[in-house]
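Here's the structure we're looking at; comments come further down.
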Amino acid sequence: MKQFYLAKRKLQFVPAATILVALAISASTAAQNITTFEAPGAGTAALQGTYATGIDPTGAIAGFSRDANNARHGFIRSRDGGFTIFDAPGAGTGNFQGTRAYAISPSGIVTGFFVDSVNAAHGYVRSSKGVITIIDAPGAGTGPFPEGTFITSPLEINSNGTIAGYYNDSAQVGHGFLRDKNGNFTTFDAPGAGTEAGQGTFSFAISPVGEVTGFYFDAALASHGFLLDKNGVITSYDVPGSGTGVFQGTYGGGFTPNGNIMGNYVDANDVSHGFVMDRRTGTFTTYDAPGAGTGALQGTYPFGINTAGTISGWYVDASDVSHGFVRDRHGAITEFDVPGAGTGPFQGPNVYGIAPNGAVTGFYFDADYVVHGFVREGNGGGLSSLKSRGH
């Protein structure tokens, strides 16, 4: 995922394993309407645990767990707390291998990627009935990670079932792709994208009409936003103030309800800031969460957006601790923390998906760097009546 470039932070077939668990292990905090949860089988050592990523309009949450062997397993958590655990056919069971789920559509379709037993990556899509189809983009490399096909954002599937993602070829260069609900692929490269290992084009979000935004790394490993419009035309954009050094620059991250673009940019001091770009005028609105730090790898990291225009994400403070935020369509920002989250460097919540009603999901690192899922209930998408962290 895009932030992982910047911080500490990225063949035998077997049937998919599906386990229905009646109720999650959970803890609720009524004052904040936050519920924390653990996926069945999640490990309890550092960096093991439950990674929640996407949320649909019904409150179902998609994500993945990391078990005691550091293998990943996909999950869907229903609004009432029941879990379905699944593994893509061919997913490996060793360290770093297994199934990761990132996005869930309004109709319950889940997509993500898995790493097989030889450490090659493949995309997949899981239907609402539990049928899993493997996705290998044309041109994707077949060697060990980072070759292969990747879907890594909660914004990479739309209501039509079209999926956006990227693939790394055998030279480890990234390329964007679109896959429609019938399995047809379109691949593309942003003009100016580099052609060496680690460079290239990386899709991050798809709009309801099939437009794609994301970012590309040029030959100097600076990042630039791109837009693939509905006519297939690709344009690039850079937020004023974006840095031009390695991993600095503009990261396209999603679409507002009226088709404008949101994301983050990294300045010359390696600090991240949020932005919204008006596509009609080309003007940018930039913002920072009030508590965001101003040191390297600190700042504001928007990640999700809903149909009300509310943006979810997290910020890193001056002590390198993460905290959640939501920004409504009027620009009001609410900060929050999750009960049980650690308060040391690189601990705290990472906020990913946001539902139409404003409920957000993500995961947090506790004081031992164990990972736990959470959902924070919304109140209509804006949450604008709340102004201070922890309320």
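As shown in the structure tokens, the chain order sets the letters A, B, ...; within each chain, residues go from 1, and ligands are also counted from 1 in the order they appear.
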Self-check item: For stretch 322-324 of chain A: contacts at 7 Å, only C-alpha atoms, fewer than 2 positions along chain excluded, given as a list in words
Solution: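 Skipping anything fewer than 2 positions along the chain leaves Gly313, Trp314, Tyr315, Val316, Asp317, Asp320, Glu335, Phe336, Asp337, Phe346, Gln347, Gly348, Pro349, Asn350 and Val351 of chain A.
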Mind checking DSSP for stretch 251-342 of chain A and telling me the strand (DSSP E) residues as a PDB file with C-alpha atoms, in the first residue's frame?
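And here's selection.pdb as it stands now:
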ATOM      1  CA  TYR A 251      -0.252   9.748  -4.092  1.00  0.00           C
ATOM      2  CA  GLY A 252      -3.709   9.581  -5.671  1.00  0.00           C
ATOM      3  CA  GLY A 253      -6.004   7.783  -3.270  1.00  0.00           C
ATOM      4  CA  GLY A 254      -9.704   7.894  -4.149  1.00  0.00           C
ATOM      5  CA  PHE A 255     -12.728   9.681  -5.613  1.00  0.00           C
ATOM      6  CA  ILE A 261      -9.776  13.148  -6.346  1.00  0.00           C
ATOM      7  CA  MET A 262      -8.453  12.736  -2.806  1.00  0.00           C
ATOM      8  CA  GLY A 263      -5.174  11.403  -1.526  1.00  0.00           C
ATOM      9  CA  ASN A 264      -1.991  12.416   0.234  1.00  0.00           C
ATOM     10  CA  TYR A 265       1.269  14.041  -0.710  1.00  0.00           C
ATOM     11  CA  VAL A 266       4.715  13.904   0.869  1.00  0.00           C
ATOM     12  CA  SER A 272       2.548  13.553   4.659  1.00  0.00           C
ATOM     13  CA  HIS A 273      -0.493  15.815   4.113  1.00  0.00           C
ATOM     14  CA  GLY A 274      -4.027  15.200   2.804  1.00  0.00           C
ATOM     15  CA  PHE A 275      -5.470  16.775  -0.321  1.00  0.00           C
ATOM     16  CA  VAL A 276      -8.621  17.024  -2.419  1.00  0.00           C
ATOM     17  CA  MET A 277      -8.301  18.080  -6.071  1.00  0.00           C
ATOM     18  CA  PHE A 284      -6.074  21.655  -4.601  1.00  0.00           C
ATOM     19  CA  THR A 285      -7.358  21.860  -1.044  1.00  0.00           C
ATOM     20  CA  THR A 286      -4.741  20.570   1.392  1.00  0.00           C
ATOM     21  CA  TYR A 287      -5.220  19.728   5.051  1.00  0.00           C
ATOM     22  CA  GLY A 299       1.698  13.744   9.226  1.00  0.00           C
ATOM     23  CA  THR A 300      -1.727  12.930   7.787  1.00  0.00           C
ATOM     24  CA  TYR A 301      -2.580   9.732   5.875  1.00  0.00           C
ATOM     25  CA  PRO A 302      -6.091   9.682   4.321  1.00  0.00           C
ATOM     26  CA  PHE A 303      -7.094   6.228   3.151  1.00  0.00           C
ATOM     27  CA  GLY A 304     -10.847   5.781   2.588  1.00  0.00           C
ATOM     28  CA  ILE A 305     -13.825   7.823   1.406  1.00  0.00           C
ATOM     29  CA  ILE A 311     -12.636  10.735   4.385  1.00  0.00           C
ATOM     30  CA  SER A 312     -11.126   8.248   6.839  1.00  0.00           C
ATOM     31  CA  GLY A 313      -7.486   7.790   7.717  1.00  0.00           C
ATOM     32  CA  TRP A 314      -4.910   8.234  10.407  1.00  0.00           C
ATOM     33  CA  TYR A 315      -2.220  10.663  11.407  1.00  0.00           C
ATOM     34  CA  VAL A 316       1.177  10.182  13.010  1.00  0.00           C
ATOM     35  CA  SER A 322      -0.824   6.883  15.165  1.00  0.00           C
ATOM     36  CA  HIS A 323      -4.373   8.166  15.779  1.00  0.00           C
ATOM     37  CA  GLY A 324      -7.550   7.909  13.712  1.00  0.00           C
ATOM     38  CA  PHE A 325      -9.394  10.726  12.017  1.00  0.00           C
ATOM     39  CA  VAL A 326     -12.405  11.392   9.831  1.00  0.00           C
ATOM     40  CA  ARG A 327     -12.857  14.527   7.722  1.00  0.00           C
ATOM     41  CA  ILE A 333     -11.857  16.855  11.189  1.00  0.00           C
ATOM     42  CA  THR A 334     -12.552  14.530  14.123  1.00  0.00           C
ATOM     43  CA  GLU A 335      -9.627  12.749  15.767  1.00  0.00           C
ATOM     44  CA  PHE A 336     -10.025   9.593  17.844  1.00  0.00           C
TER      45      PHE A 336
END
Quiz item: If you count only C-alpha atoms, which residues fall within 8 Å of A:Pro154, apart from same-chain ones fewer than 5 positions away, as a ChimeraX atom specification?
Solution: /A:53-55,102-104,205,304,352-353
Restricted to all heavy atoms, what would the selected residues look like written as a short mmCIF file (atom, residue, chain, number, x, y, z; two decimals), in the first residue's frame?
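See out-v6.cif below for the written result:
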data_model
loop_
_atom_site.label_atom_id
_atom_site.label_comp_id
_atom_site.auth_asym_id
_atom_site.auth_seq_id
_atom_site.Cartn_x
_atom_site.Cartn_y
_atom_site.Cartn_z
N THR A 53 -9.86 -4.05 7.03
CA THR A 53 -9.52 -3.12 5.95
C THR A 53 -10.74 -2.47 5.30
O THR A 53 -10.80 -1.25 5.21
CB THR A 53 -8.68 -3.85 4.88
OG1 THR A 53 -9.36 -5.06 4.50
CG2 THR A 53 -7.29 -4.19 5.40
N GLY A 54 -11.70 -3.23 4.85
CA GLY A 54 -12.85 -2.69 4.12
C GLY A 54 -14.15 -2.91 4.86
O GLY A 54 -14.28 -3.84 5.66
N ILE A 55 -15.14 -2.06 4.59
CA ILE A 55 -16.46 -2.18 5.22
C ILE A 55 -17.52 -1.86 4.18
O ILE A 55 -17.37 -0.92 3.39
CB ILE A 55 -16.57 -1.27 6.46
CG1 ILE A 55 -17.90 -1.49 7.19
CG2 ILE A 55 -16.34 0.19 6.11
CD1 ILE A 55 -17.94 -0.83 8.56
N TYR A 102 -8.86 -7.00 1.10
CA TYR A 102 -8.79 -5.55 1.26
C TYR A 102 -10.11 -4.84 0.99
O TYR A 102 -10.44 -3.87 1.65
CB TYR A 102 -7.71 -4.95 0.36
CG TYR A 102 -6.32 -5.20 0.88
CD1 TYR A 102 -5.56 -6.26 0.38
CD2 TYR A 102 -5.78 -4.41 1.87
CE1 TYR A 102 -4.29 -6.50 0.87
CE2 TYR A 102 -4.51 -4.65 2.38
CZ TYR A 102 -3.76 -5.70 1.86
OH TYR A 102 -2.51 -5.95 2.36
N ALA A 103 -10.86 -5.27 -0.03
CA ALA A 103 -12.04 -4.52 -0.45
C ALA A 103 -13.27 -5.40 -0.41
O ALA A 103 -13.21 -6.60 -0.72
CB ALA A 103 -11.84 -3.96 -1.86
N ILE A 104 -14.42 -4.79 -0.06
CA ILE A 104 -15.70 -5.49 -0.10
C ILE A 104 -16.71 -4.56 -0.75
O ILE A 104 -16.84 -3.40 -0.37
CB ILE A 104 -16.14 -5.95 1.31
CG1 ILE A 104 -17.45 -6.74 1.24
CG2 ILE A 104 -16.20 -4.80 2.30
CD1 ILE A 104 -17.79 -7.47 2.53
N ALA A 205 -7.62 3.23 -6.61
CA ALA A 205 -9.06 3.40 -6.40
C ALA A 205 -9.76 3.43 -7.74
O ALA A 205 -9.20 3.87 -8.75
CB ALA A 205 -9.34 4.69 -5.64
N GLY A 304 -9.55 6.18 3.13
CA GLY A 304 -10.85 5.78 2.59
C GLY A 304 -11.75 6.97 2.37
O GLY A 304 -11.51 8.07 2.90
N TYR A 352 -8.80 2.45 7.83
CA TYR A 352 -8.88 2.13 6.41
C TYR A 352 -10.25 2.47 5.82
O TYR A 352 -10.48 3.55 5.34
CB TYR A 352 -8.52 0.65 6.20
CG TYR A 352 -7.04 0.40 6.12
CD1 TYR A 352 -6.17 0.85 7.12
CD2 TYR A 352 -6.47 -0.29 5.05
CE1 TYR A 352 -4.81 0.62 7.05
CE2 TYR A 352 -5.12 -0.53 4.98
CZ TYR A 352 -4.28 -0.07 5.98
OH TYR A 352 -2.94 -0.29 5.91
N GLY A 353 -11.18 1.52 5.84
CA GLY A 353 -12.44 1.69 5.13
C GLY A 353 -13.46 2.52 5.89
O GLY A 353 -13.42 2.63 7.13
#
Quiz item: Any idea what's packed within 10 Å of stretch 166-182 of chain A, counting only C-alpha atoms, ignoring anything in its chain fewer than 3 positions away? Could you give it as a PyMOL selection string?
Solution: chain A and resi 121-123+125+135-152+156-158+160-163+185-190+193-204+206+210-217+228
Please produce a file of those selected residues containing C-alpha atoms, as a PDB file, in the first residue's frame.
ATOM      1  CA  ALA A 121       1.418 -13.139  -5.670  1.00  0.00           C
ATOM      2  CA  HIS A 122      -2.000 -13.540  -7.310  1.00  0.00           C
ATOM      3  CA  GLY A 123      -5.176 -11.501  -7.126  1.00  0.00           C
ATOM      4  CA  VAL A 125     -12.213 -12.189  -6.190  1.00  0.00           C
ATOM      5  CA  ILE A 135      -6.884 -13.145 -10.938  1.00  0.00           C
ATOM      6  CA  ASP A 136      -3.568 -13.071 -12.796  1.00  0.00           C
ATOM      7  CA  ALA A 137      -3.152  -9.928 -14.878  1.00  0.00           C
ATOM      8  CA  PRO A 138      -1.675 -10.407 -18.353  1.00  0.00           C
ATOM      9  CA  GLY A 139       2.045  -9.735 -18.114  1.00  0.00           C
ATOM     10  CA  ALA A 140       2.298 -10.364 -14.375  1.00  0.00           C
ATOM     11  CA  GLY A 141       5.525 -11.993 -13.248  1.00  0.00           C
ATOM     12  CA  THR A 142       5.431 -15.527 -11.938  1.00  0.00           C
ATOM     13  CA  GLY A 143       8.499 -15.394  -9.738  1.00  0.00           C
ATOM     14  CA  PRO A 144       8.666 -14.703  -6.005  1.00  0.00           C
ATOM     15  CA  PHE A 145       7.289 -11.513  -4.439  1.00  0.00           C
ATOM     16  CA  PRO A 146       7.235  -8.701  -5.495  1.00  0.00           C
ATOM     17  CA  GLU A 147       6.252 -10.221  -8.831  1.00  0.00           C
ATOM     18  CA  GLY A 148       2.581 -10.981  -9.435  1.00  0.00           C
ATOM     19  CA  THR A 149      -0.873  -9.395  -9.218  1.00  0.00           C
ATOM     20  CA  PHE A 150      -2.014  -7.106  -6.394  1.00  0.00           C
ATOM     21  CA  ILE A 151      -5.271  -5.573  -5.118  1.00  0.00           C
ATOM     22  CA  THR A 152      -4.322  -3.646  -1.969  1.00  0.00           C
ATOM     23  CA  GLU A 156     -10.410  -1.021  -5.661  1.00  0.00           C
ATOM     24  CA  ILE A 157     -13.807  -2.524  -6.491  1.00  0.00           C
ATOM     25  CA  ASN A 158     -16.912  -0.622  -7.585  1.00  0.00           C
ATOM     26  CA  ASN A 160     -20.386  -2.889 -11.061  1.00  0.00           C
ATOM     27  CA  GLY A 161     -17.856  -5.488  -9.929  1.00  0.00           C
ATOM     28  CA  THR A 162     -14.984  -3.904 -11.850  1.00  0.00           C
ATOM     29  CA  ILE A 163     -11.670  -4.265 -10.042  1.00  0.00           C
ATOM     30  CA  PHE A 185      -8.552  -7.097 -18.577  1.00  0.00           C
ATOM     31  CA  THR A 186      -7.299  -3.677 -19.590  1.00  0.00           C
ATOM     32  CA  THR A 187      -3.695  -2.871 -18.679  1.00  0.00           C
ATOM     33  CA  PHE A 188      -2.099   0.564 -18.746  1.00  0.00           C
ATOM     34  CA  ASP A 189       0.946   2.634 -17.836  1.00  0.00           C
ATOM     35  CA  ALA A 190       0.988   6.269 -16.796  1.00  0.00           C
ATOM     36  CA  ALA A 193       6.310   6.096 -15.143  1.00  0.00           C
ATOM     37  CA  GLY A 194       9.752   4.593 -14.611  1.00  0.00           C
ATOM     38  CA  THR A 195      10.729   1.294 -16.163  1.00  0.00           C
ATOM     39  CA  GLU A 196      13.139  -0.103 -13.597  1.00  0.00           C
ATOM     40  CA  ALA A 197      12.469  -2.398 -10.625  1.00  0.00           C
ATOM     41  CA  GLY A 198      10.312  -0.665  -8.000  1.00  0.00           C
ATOM     42  CA  GLN A 199       9.084   1.949 -10.445  1.00  0.00           C
ATOM     43  CA  GLY A 200       5.932   2.006 -12.596  1.00  0.00           C
ATOM     44  CA  THR A 201       2.171   2.497 -12.229  1.00  0.00           C
ATOM     45  CA  PHE A 202       0.105   1.578  -9.160  1.00  0.00           C
ATOM     46  CA  SER A 203      -3.706   1.776  -9.160  1.00  0.00           C
ATOM     47  CA  PHE A 204      -5.355   2.590  -5.854  1.00  0.00           C
ATOM     48  CA  ILE A 206     -11.860   3.002  -8.941  1.00  0.00           C
ATOM     49  CA  GLY A 210     -14.743   2.961 -13.928  1.00  0.00           C
ATOM     50  CA  GLU A 211     -12.239   5.790 -13.685  1.00  0.00           C
ATOM     51  CA  VAL A 212      -9.014   4.943 -11.847  1.00  0.00           C
ATOM     52  CA  THR A 213      -6.633   6.981  -9.754  1.00  0.00           C
ATOM     53  CA  GLY A 214      -3.395   6.049  -8.098  1.00  0.00           C
ATOM     54  CA  PHE A 215       0.227   7.004  -8.435  1.00  0.00           C
ATOM     55  CA  TYR A 216       3.356   6.235 -10.375  1.00  0.00           C
ATOM     56  CA  PHE A 217       7.023   6.301  -9.531  1.00  0.00           C
ATOM     57  CA  LEU A 228      -7.363   7.189 -16.010  1.00  0.00           C
TER      58      LEU A 228
END
Quiz item: Mind pulling up the distance from atom CA of A:Thr35 to atom CA of A:Arg376?
Solution: 6.5 Å
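Taking only C-alpha atoms into account, A:Ala101 lies nearest to A:Tyr51 out of the set A:Asp116, A:Gly81, A:Ile134, A:Tyr51.
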Quiz item: With only C-alpha atoms as the atoms that count, which of A:Val370, A:Arg126, A:Ser65, A:Arg77 lies nearest to A:Pro89?
Solution: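 Of A:Val370, A:Arg126, A:Ser65, A:Arg77, the one nearest A:Pro89 is A:Arg126, counting only C-alpha atoms.
A straight line drawn from atom CA of A:His73 to atom CA of A:Thr99 is 4.7 Å long.
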Practice problem: Find the residues near A:Thr307: any atom within 12 Å, counting only C-alpha atoms, skip ones fewer than 5 places away on the same chain, and give them as a ChimeraX atom specification. | Solution: /A:56-57,106,155,158-159,207-208,254-259,328-329,353-358,380-382
Practice problem: Quick one: everything within 6 Å of A:Ala341, counting only C-alpha atoms, minus sequence neighbours fewer than 5 positions away in the same chain. Send it as an NGL selection string. | Solution: :A and (348 or 364-366)
Keeping only N, CA, C and O atoms, write the selected residues to a file as a short mmCIF file (atom, residue, chain, number, x, y, z; two decimals), in the first residue's frame.
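Below you can see again-v4.cif, which holds the result:
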data_model
loop_
_atom_site.label_atom_id
_atom_site.label_comp_id
_atom_site.auth_asym_id
_atom_site.auth_seq_id
_atom_site.Cartn_x
_atom_site.Cartn_y
_atom_site.Cartn_z
N GLY A 348 -0.74 2.37 17.87
CA GLY A 348 -1.96 3.12 17.65
C GLY A 348 -2.74 2.62 16.44
O GLY A 348 -2.36 1.66 15.79
N TYR A 364 -5.35 -1.72 14.99
CA TYR A 364 -4.43 -0.97 15.83
C TYR A 364 -3.34 -1.89 16.37
O TYR A 364 -3.52 -3.11 16.49
N PHE A 365 -2.20 -1.29 16.65
CA PHE A 365 -1.08 -1.97 17.28
C PHE A 365 -1.11 -1.66 18.77
O PHE A 365 -1.17 -0.49 19.17
N ASP A 366 -1.09 -2.71 19.59
CA ASP A 366 -1.09 -2.48 21.02
C ASP A 366 0.33 -2.25 21.54
O ASP A 366 1.28 -2.10 20.75
#
